[in-house]
>>> print(open('my_file_17.txt').read())   # compact mmCIF, C-alpha atoms
# COMPACT_ATOMS: atom_id res chain seq x y z
CA MET A 11 -7.78 12.87 29.87
CA SER A 12 -8.07 9.25 31.03
CA GLU A 13 -5.72 7.06 29.04
CA PRO A 14 -7.22 4.57 26.60
CA ALA A 15 -6.58 0.90 27.39
CA TRP A 16 -5.09 0.10 23.98
CA LEU A 17 -2.01 2.14 24.92
CA ASP A 18 -1.05 -0.68 27.29
CA ASP A 19 -0.63 -3.05 24.34
CA ILE A 20 2.38 -1.08 23.09
CA ALA A 21 5.85 -2.35 23.99
CA TRP A 22 7.20 1.03 25.10
CA ASN A 23 10.99 1.18 25.17
CA GLY A 24 13.13 2.07 28.17
CA ASP A 25 12.51 5.76 27.51
CA GLY A 26 8.76 5.23 27.29
CA LEU A 27 8.76 5.72 23.52
CA VAL A 28 7.68 3.83 20.42
CA ALA A 29 8.94 4.31 16.87
CA ALA A 30 6.33 5.77 14.53
CA ILE A 31 6.54 5.51 10.77
CA ALA A 32 4.37 7.75 8.58
CA GLN A 33 3.41 6.51 5.12
CA ASP A 34 1.58 8.61 2.56
CA GLN A 35 -1.73 6.94 1.80
CA ALA A 36 -1.83 8.30 -1.74
CA SER A 37 1.74 7.95 -3.00
CA GLY A 38 2.78 5.06 -0.77
CA ARG A 39 6.02 6.88 0.08
CA VAL A 40 7.45 6.35 3.53
CA LEU A 41 7.65 9.95 4.72
CA SER A 42 9.22 9.99 8.14
CA GLN A 43 10.19 8.08 11.22
CA ALA A 44 9.81 9.74 14.60
CA TRP A 45 8.99 8.85 18.18
CA MET A 46 5.88 8.92 20.34
CA ASN A 47 5.30 8.62 24.05
CA ARG A 48 1.93 7.60 25.49
CA GLU A 49 0.59 11.13 25.40
CA ALA A 50 1.68 11.69 21.79
CA LEU A 51 0.05 8.50 20.55
CA ALA A 52 -3.14 9.19 22.50
CA LEU A 53 -3.25 12.72 21.05
CA THR A 54 -2.57 11.40 17.53
CA VAL A 55 -5.65 9.21 17.72
CA ALA A 56 -7.80 11.78 19.53
CA GLU A 57 -6.95 14.60 17.12
CA GLY A 58 -6.57 12.59 13.89
CA ARG A 59 -3.18 14.15 13.18
CA ALA A 60 0.35 12.96 13.87
CA VAL A 61 1.66 14.13 17.22
CA TYR A 62 5.18 13.08 18.15
CA TRP A 63 7.52 13.36 21.09
CA SER A 64 10.47 15.53 20.17
CA ARG A 65 13.49 13.93 21.78
CA SER A 66 15.72 16.94 21.05
CA ARG A 67 13.25 19.47 22.49
CA ALA A 68 11.81 17.02 25.05
CA LYS A 69 8.24 18.06 24.38
CA ILE A 70 5.09 17.16 22.50
CA TRP A 71 5.39 18.12 18.83
CA ARG A 72 2.28 18.46 16.71
CA LYS A 73 3.78 17.85 13.28
CA GLY A 74 3.06 20.86 11.09
CA GLU A 75 2.52 23.25 14.00
CA GLU A 76 5.01 25.71 12.47
CA SER A 77 5.14 24.66 8.83
CA GLY A 78 1.49 23.81 8.28
CA HIS A 79 2.67 20.44 6.98
CA VAL A 80 0.26 18.46 9.11
CA GLN A 81 -0.04 14.68 8.75
CA GLN A 82 -3.72 13.76 8.77
CA VAL A 83 -4.02 10.25 10.14
CA HIS A 84 -6.31 7.72 8.48
CA GLU A 85 -5.12 4.53 10.05
CA VAL A 86 -2.89 3.48 12.95
CA ARG A 87 -1.21 0.07 12.89
CA ILE A 88 1.22 -1.77 15.16
CA ASP A 89 3.62 -4.50 14.27
CA CYS A 90 3.77 -8.04 15.60
CA ASP A 91 5.98 -7.23 18.57
CA ALA A 92 4.14 -3.95 19.20
CA ASP A 93 7.28 -1.82 19.27
CA ALA A 94 6.59 0.11 16.07
CA VAL A 95 3.59 2.11 14.92
CA LEU A 96 2.66 2.73 11.29
CA LEU A 97 0.50 5.71 10.40
CA LEU A 98 -1.23 5.98 7.05
CA VAL A 99 -1.50 9.69 6.45
CA THR A 100 -2.36 12.46 4.08
CA GLN A 101 0.64 14.76 4.06
CA VAL A 102 -0.68 18.32 3.89
CA GLY A 103 1.39 20.40 1.47
CA GLY A 104 3.03 17.25 0.12
CA ILE A 105 6.10 17.97 2.25
CA ALA A 106 7.06 15.91 5.29
CA CYS A 107 10.70 16.92 5.63
CA HIS A 108 12.04 20.08 7.22
CA THR A 109 14.38 20.33 4.22
CA GLY A 110 11.36 21.00 1.99
CA ARG A 111 11.22 17.54 0.44
CA GLU A 112 8.29 15.14 0.21
CA SER A 113 9.99 12.49 2.32
CA CYS A 114 12.68 12.59 4.97
CA PHE A 115 14.19 9.55 3.23
CA TYR A 116 15.68 11.54 0.36
CA ARG A 117 19.21 10.11 0.47
CA VAL A 118 20.09 6.88 -1.33
CA LEU A 119 23.25 4.84 -0.94
CA ARG A 120 24.90 4.78 -4.35
CA ASP A 121 28.54 4.20 -5.29
CA GLY A 122 29.49 4.13 -1.62
CA GLN A 123 27.94 7.50 -0.83
CA TRP A 124 24.63 8.88 0.40
CA GLN A 125 23.28 10.86 -2.54
CA ASP A 126 20.37 13.29 -2.50
CA THR A 127 17.83 12.06 -5.01
CA ASP A 128 14.62 13.89 -4.20
CA PRO A 129 13.98 17.48 -5.21
CA VAL A 130 13.44 20.30 -2.72
CA LEU A 131 9.84 21.30 -3.35
CA LYS A 132 9.91 24.40 -1.20
CA ASP A 133 12.74 26.46 0.24
CA PRO A 134 12.85 25.74 3.98
CA ARG A 135 13.37 29.46 4.64
CA THR A 136 9.88 30.08 3.30
CA ILE A 137 8.41 27.19 5.32
CA TYR A 138 9.58 28.28 8.76
CA LYS A 139 9.16 31.75 10.10
CA GLN A 140 12.53 33.05 11.30
CA MET B 26 36.21 -6.75 6.24
CA SER B 27 37.23 -3.10 6.37
CA GLU B 28 34.24 -0.95 7.18
CA PRO B 29 32.86 1.33 4.49
CA ALA B 30 33.06 5.07 5.23
CA TRP B 31 29.34 5.71 4.64
CA LEU B 32 28.60 3.84 7.88
CA ASP B 33 30.00 6.84 9.75
CA ASP B 34 27.19 9.03 8.41
CA ILE B 35 24.61 7.09 10.42
CA ALA B 36 23.49 8.53 13.76
CA TRP B 37 23.84 5.29 15.70
CA ASN B 38 21.88 5.27 18.95
CA GLY B 39 23.32 4.65 22.41
CA ASP B 40 23.21 0.91 21.78
CA GLY B 41 25.01 1.28 18.44
CA LEU B 42 21.83 0.57 16.49
CA VAL B 43 19.70 2.21 13.81
CA ALA B 44 16.04 1.56 13.05
CA ALA B 45 15.51 -0.14 9.69
CA ILE B 46 12.18 -0.12 7.87
CA ALA B 47 11.56 -2.56 5.02
CA GLN B 48 9.09 -1.58 2.30
CA ASP B 49 7.96 -3.90 -0.47
CA GLN B 50 9.02 -2.39 -3.76
CA ALA B 51 6.13 -3.98 -5.64
CA SER B 52 3.15 -3.60 -3.29
CA GLY B 53 4.39 -0.52 -1.44
CA ARG B 54 3.46 -2.16 1.87
CA VAL B 55 5.59 -1.38 4.88
CA LEU B 56 6.63 -4.89 5.89
CA SER B 57 8.70 -4.66 9.04
CA GLN B 58 10.73 -2.51 11.36
CA ALA B 59 13.84 -3.96 12.91
CA TRP B 60 17.29 -2.87 14.05
CA MET B 61 20.78 -2.92 12.58
CA ASN B 62 24.22 -2.41 14.01
CA ARG B 63 27.19 -1.43 11.85
CA GLU B 64 27.94 -5.00 10.90
CA ALA B 65 24.32 -5.74 9.95
CA LEU B 66 24.03 -2.70 7.71
CA ALA B 67 27.39 -3.39 6.08
CA LEU B 68 26.34 -7.01 5.44
CA THR B 69 22.96 -5.89 4.09
CA VAL B 70 24.67 -3.79 1.44
CA ALA B 71 27.43 -6.31 0.72
CA GLU B 72 25.04 -9.24 0.36
CA GLY B 73 22.02 -7.42 -1.14
CA ARG B 74 19.68 -8.90 1.43
CA ALA B 75 18.35 -7.56 4.73
CA VAL B 76 20.55 -8.47 7.67
CA TYR B 77 19.44 -7.24 11.08
CA TRP B 78 20.69 -7.25 14.64
CA SER B 79 18.41 -9.37 16.76
CA ARG B 80 18.12 -7.57 20.08
CA SER B 81 16.43 -10.54 21.77
CA ARG B 82 19.04 -13.05 20.62
CA ALA B 83 21.90 -10.51 20.60
CA LYS B 84 23.26 -11.70 17.27
CA ILE B 85 23.30 -11.03 13.56
CA TRP B 86 20.08 -12.20 11.94
CA ARG B 87 19.92 -12.80 8.21
CA LYS B 88 16.22 -12.36 7.63
CA GLY B 89 14.85 -15.52 6.07
CA GLU B 90 17.69 -17.74 7.27
CA GLU B 91 15.15 -20.21 8.73
CA SER B 92 11.96 -19.39 6.86
CA GLY B 93 13.42 -18.70 3.43
CA HIS B 94 11.55 -15.38 3.53
CA VAL B 95 14.56 -13.34 2.49
CA GLN B 96 14.28 -9.62 1.80
CA GLN B 97 16.21 -8.84 -1.37
CA VAL B 98 17.41 -5.26 -1.11
CA HIS B 99 17.13 -2.91 -4.09
CA GLU B 100 17.72 0.41 -2.44
CA VAL B 101 18.96 1.72 0.91
CA ARG B 102 17.89 5.18 2.07
CA ILE B 103 18.47 7.23 5.21
CA ASP B 104 16.35 9.99 6.61
CA CYS B 105 17.28 13.61 7.22
CA ASP B 106 18.65 13.07 10.71
CA ALA B 107 20.28 9.77 9.69
CA ASP B 108 18.74 7.75 12.51
CA ALA B 109 16.47 5.61 10.37
CA VAL B 110 17.14 3.44 7.33
CA LEU B 111 14.59 2.57 4.68
CA LEU B 112 15.08 -0.55 2.56
CA LEU B 113 13.17 -1.09 -0.65
CA VAL B 114 12.92 -4.83 -0.96
CA THR B 115 11.48 -7.78 -2.77
CA GLN B 116 9.94 -9.98 -0.08
CA VAL B 117 10.63 -13.57 -1.08
CA GLY B 118 7.55 -15.72 -0.48
CA GLY B 119 5.43 -12.62 0.01
CA ILE B 120 5.62 -13.09 3.79
CA ALA B 121 7.63 -10.81 6.06
CA CYS B 122 6.03 -11.67 9.39
CA HIS B 123 6.78 -14.68 11.56
CA THR B 124 2.99 -15.03 11.98
CA GLY B 125 2.74 -15.96 8.30
CA ARG B 126 1.38 -12.61 7.15
CA GLU B 127 2.65 -10.34 4.39
CA SER B 128 3.44 -7.49 6.78
CA CYS B 129 4.27 -7.32 10.46
CA PHE B 130 1.88 -4.35 10.63
CA TYR B 131 -1.27 -6.46 10.50
CA ARG B 132 -3.10 -4.91 13.46
CA VAL B 133 -5.20 -1.78 13.05
CA LEU B 134 -6.61 0.39 15.81
CA ARG B 135 -10.39 0.29 15.40
CA ASP B 136 -13.12 0.93 17.97
CA GLY B 137 -10.51 1.27 20.69
CA GLN B 138 -8.89 -2.08 20.01
CA TRP B 139 -6.06 -3.49 17.94
CA GLN B 140 -7.77 -5.69 15.39
CA ASP B 141 -6.12 -8.24 13.08
CA THR B 142 -6.94 -7.25 9.53
CA ASP B 143 -4.50 -9.13 7.35
CA PRO B 144 -4.87 -12.80 6.50
CA VAL B 145 -2.40 -15.48 7.53
CA LEU B 146 -0.98 -16.64 4.21
CA LYS B 147 0.91 -19.61 5.58
CA ASP B 148 0.69 -21.48 8.88
CA PRO B 149 3.80 -20.51 10.88
CA ARG B 150 4.18 -24.15 11.94
CA THR B 151 4.91 -24.98 8.32
CA ILE B 152 7.33 -22.04 7.95
CA TYR B 153 9.67 -22.87 10.81
CA LYS B 154 11.13 -26.27 11.38
CA GLN B 155 10.38 -27.39 14.94
>>> encode(input="my_file_17.txt", output="structure tokens")
Amino acid sequence: MSEPAWLDDIAWNGDGLVAAIAQDQASGRVLSQAWMNREALALTVAEGRAVYWSRSRAKIWRKGEESGHVQQVHEVRIDCDADAVLLLVTQVGGIACHTGRESCFYRVLRDGQWQDTDPVLKDPRTIYKQ
Amino acid sequence: MSEPAWLDDIAWNGDGLVAAIAQDQASGRVLSQAWMNREALALTVAEGRAVYWSRSRAKIWRKGEESGHVQQVHEVRIDCDADAVLLLVTQVGGIACHTGRESCFYRVLRDGQWQDTDPVLKDPRTIYKQ
């Protein structure tokens, strides 16, 4: 695949990555923050679904490949200094987080502690095949 | 200032930073993505306004200190792997971006190009004193 020219406008960091925020188009919730390399961002646009670079597994990660919780991408934005990407998505299954919650941002700082505020919608053991 | 214990729950990166996303509580727009070190996050919570670490200037940056476009912080969240912070804010002046736009994410990928979609609400030359 020849690389699209618009990839060169991204301010890739020293590891060749850019931060990617996914926001649910319907609810407006910020769902997740992950990382993309050039290939992941090119694949995201080509396939219309969020594809990230897994830093822990050091490989391309098509979000939802195991869980089915695909992020369908409607819009891709970059910020003013081009070092962050914002995806407007439809979150299939309504669950972005591997803990079974809608959003990965389910902990709120309250009374000097991080407190879980969002319900688990689905038991993670039933999301991922063992 | 003694450091609050909840700072230790953050997965600080190799540079001692965490990504911080600001979302407008009223409009739901994702406004900006910036970085915080321990001091910046502690100050954000203590002062109830977004305080970042400016990587380019290598110093604490109280957002709005020049422009008046302060981000008043209502809620601080972290994601499941604790390497991203989400702030729910009121954006004073309705302008988060130094270009005079509501959001820093004003460019959309369309027809293979990043296209400006959001209007400039205020001429940046009138925002920043020369």
>>> residues_around(input="my_file_17.txt", residues="region 84-94 of chain A", least_positions_apart="6", cutoff="7 Å", atoms="only C-alpha atoms", output="list in words")
Ile20, Ala21, Trp22, Val28, Ala29 and Ala30 of chain A; Gln58, Cys129, Phe130, Tyr131, Arg132, Val133 and Leu134 of chain B
>>> write_last_selection(input="my_file_17.txt", atoms="C-alpha atoms", output="short mmCIF file (atom, residue, chain, number, x, y, z; two decimals), in the coordinates of the input")
data_model
loop_
_atom_site.label_atom_id
_atom_site.label_comp_id
_atom_site.auth_asym_id
_atom_site.auth_seq_id
_atom_site.Cartn_x
_atom_site.Cartn_y
_atom_site.Cartn_z
CA ILE A 20 2.38 -1.08 23.09
CA ALA A 21 5.85 -2.35 23.99
CA TRP A 22 7.20 1.03 25.10
CA VAL A 28 7.68 3.83 20.42
CA ALA A 29 8.94 4.31 16.87
CA ALA A 30 6.33 5.77 14.53
CA GLN B 58 10.73 -2.51 11.36
CA CYS B 129 4.27 -7.32 10.46
CA PHE B 130 1.88 -4.35 10.63
CA TYR B 131 -1.27 -6.46 10.50
CA ARG B 132 -3.10 -4.91 13.46
CA VAL B 133 -5.20 -1.78 13.05
CA LEU B 134 -6.61 0.39 15.81
#
>>> residues_near_point(input="my_file_17.txt", point="(2.8, 14.6, 16.4)", cutoff="10 Å", atoms="all atoms listed in the file", output="ChimeraX atom specification")
/A:30,44-46,49-51,53-54,57-64,70-75,80-81
>>> closest_residue(input="my_file_17.txt", among="A:Gly26, A:Arg67, A:Thr127, A:Gly103", to="chain B", atoms="all atoms listed in the file")
A:Thr127
>>> residues_around(input="my_file_17.txt", residues="region 150-154 of chain B", least_positions_apart="6", cutoff="12 Å", atoms="all atoms listed in the file", output="list in words")
Gly89, Glu90, Glu91, Ser92, Gly93, His94, Gly118, Ile120, Ala121, Cys122, His123, Thr124, Gly125 and Arg126 of chain B
>>> atom_distance(input="my_file_17.txt", atom1="CA of Gly53 (chain B)", atom2="CA of Val117 (chain B)")
14.5 Å
>>> atom_distance(input="my_file_17.txt", atom1="CA of Gln123 (chain A)", atom2="CA of Ser37 (chain A)")
26.3 Å
>>> atom_distance(input="my_file_17.txt", atom1="CA of Glu112 (chain A)", atom2="CA of Gln33 (chain A)")
11.1 Å
>>> closest_residue(input="my_file_17.txt", among="B:Thr115, B:Gln50, B:Ser27, B:Gly137", to="chain A", atoms="all atoms listed in the file")
B:Gly137
>>> closest_residue(input="my_file_17.txt", among="A:Val55, A:Pro134, A:Lys69, A:Asn23", to="chain B", atoms="all atoms listed in the file")
A:Val55
>>> closest_residue(input="my_file_17.txt", among="B:Leu42, B:Pro144, B:Ser57, B:Gln97", to="chain A", atoms="all atoms listed in the file")
B:Ser57
>>> closest_residue(input="my_file_17.txt", among="A:Val83, A:Glu13, A:Leu96, A:Asn47", to="chain B", atoms="all atoms listed in the file")
A:Leu96
>>> closest_residue(input="my_file_17.txt", among="B:Gln140, B:Ala51, B:Leu56, B:Ala71", to="Pro29 (chain B)", atoms="only C-alpha atoms")
B:Ala71
